[in-house]
Amino acid sequence: QVQLVESGGRLVQAGGSLRLSCAASGRTFSTSAMCWFRQAPGKERAFVGGISWSGGTTNYADSVKGRFTISRDNAKNTVYLQMNSLKPEDTALYYCAADRDRSPYTVSRNAGEYDDWGQGTQVTVSS
């Protein structure tokens with residue numbers, strides 16, 4: 001099992017940047033694909049971006065492509081989400097998740113395939 005704790009969310013103006021962090025504990029982090037999802041009020045949880053456990057593959061939702069970058073540091077057991085050019089529609093609770101049963105170069109967009117979840121960090125973008 002992987003325990004996950006997100007941080008870095010806050011109120012920011014449109015056009016600004018934030019970096020979210022997800023600190024993981026557990027022996028399987030380095031072989032888990034990691035992903036960020038988000039959930040806005042009244043909406044379903046949505047895929048944002050993911051990274052394979054090798055780090056060699058990343059995948060992004062069309063709505064964030066070119067603005068958000070996911071990365072990981074296996075030595076620090078941490079995955080990051082760099083968010084630039086933020087928009088009000090990026091406002092949501094952001095969750096990180098771990099998929100412990102994934103090949104080294106793939107990442108899933110399906111929330112149901114993720115085994116472990118954090119509690120979330122709130123990002124609010126004002127216009």
# chains A, B, ... in the order shown; residues from 1 in each chain; ligands from 1
>>> select_by_dssp(residues="region 13-94 of chain A", states="helix (DSSP H, G or I)", output="ChimeraX atom specification")
/A:29-31,88-90
>>> write_last_selection(atoms="N, CA and C atoms", output="CSV table (one decimal), in the first residue's frame")
chain,number,residue,atom,x,y,z
A,29,PHE,N,6.1,2.7,-4.0
A,29,PHE,CA,6.0,4.0,-4.7
A,29,PHE,C,6.8,4.0,-6.0
A,30,SER,N,8.0,3.5,-5.9
A,30,SER,CA,8.9,3.6,-7.1
A,30,SER,C,8.5,2.7,-8.3
A,31,THR,N,7.6,1.8,-8.0
A,31,THR,CA,7.0,0.9,-9.1
A,31,THR,C,5.5,1.2,-9.2
A,88,PRO,N,-9.8,30.0,-14.1
A,88,PRO,CA,-10.8,29.8,-13.1
A,88,PRO,C,-11.4,28.4,-13.2
A,89,GLU,N,-11.5,27.8,-14.4
A,89,GLU,CA,-12.0,26.5,-14.5
A,89,GLU,C,-11.1,25.4,-14.0
A,90,ASP,N,-9.9,25.8,-13.6
A,90,ASP,CA,-9.0,24.8,-12.9
A,90,ASP,C,-9.3,24.7,-11.5
>>> select_by_dssp(residues="chain A", states="strand (DSSP E)", output="JSON, numbers by chain")
{"A": [3, 4, 5, 6, 7, 11, 12, 13, 18, 19, 20, 21, 22, 23, 24, 25, 33, 34, 35, 36, 37, 38, 39, 46, 47, 48, 49, 50, 51, 58, 59, 60, 68, 69, 70, 71, 72, 73, 78, 79, 80, 81, 82, 83, 92, 93, 94, 95, 96, 97, 98, 99, 116, 117, 121, 122, 123, 124, 125, 126]}
>>> residues_around(residues="Ser126 (chain A)", least_positions_apart="6", cutoff="9 Å", atoms="only C-alpha atoms", output="ChimeraX atom specification")
/A:11-14,87-88,91
>>> residues_around(residues="Thr106 (chain A)", least_positions_apart="6", cutoff="10 Å", atoms="only C-alpha atoms", output="count of residues only")
11
>>> residues_around(residues="Met34 (chain A)", least_positions_apart="2", cutoff="9 Å", atoms="only C-alpha atoms", output="list in words")
Phe29, Ser32, Trp36, Gly49, Gly50, Ile51, Ser52, Trp53, Arg72, Val79, Cys96, Ala97, Ala98, Asp99, Arg100, Val107 and Tyr114 of chain A
>>> closest_residue(among="A:Gln119, A:Gln39, A:Ser21, A:Asn74", to="Gly9 (chain A)", atoms="only C-alpha atoms")
A:Ser21
>>> atom_distance(atom1="CA of Glu113 (chain A)", atom2="CA of Gly26 (chain A)")
18.4 Å
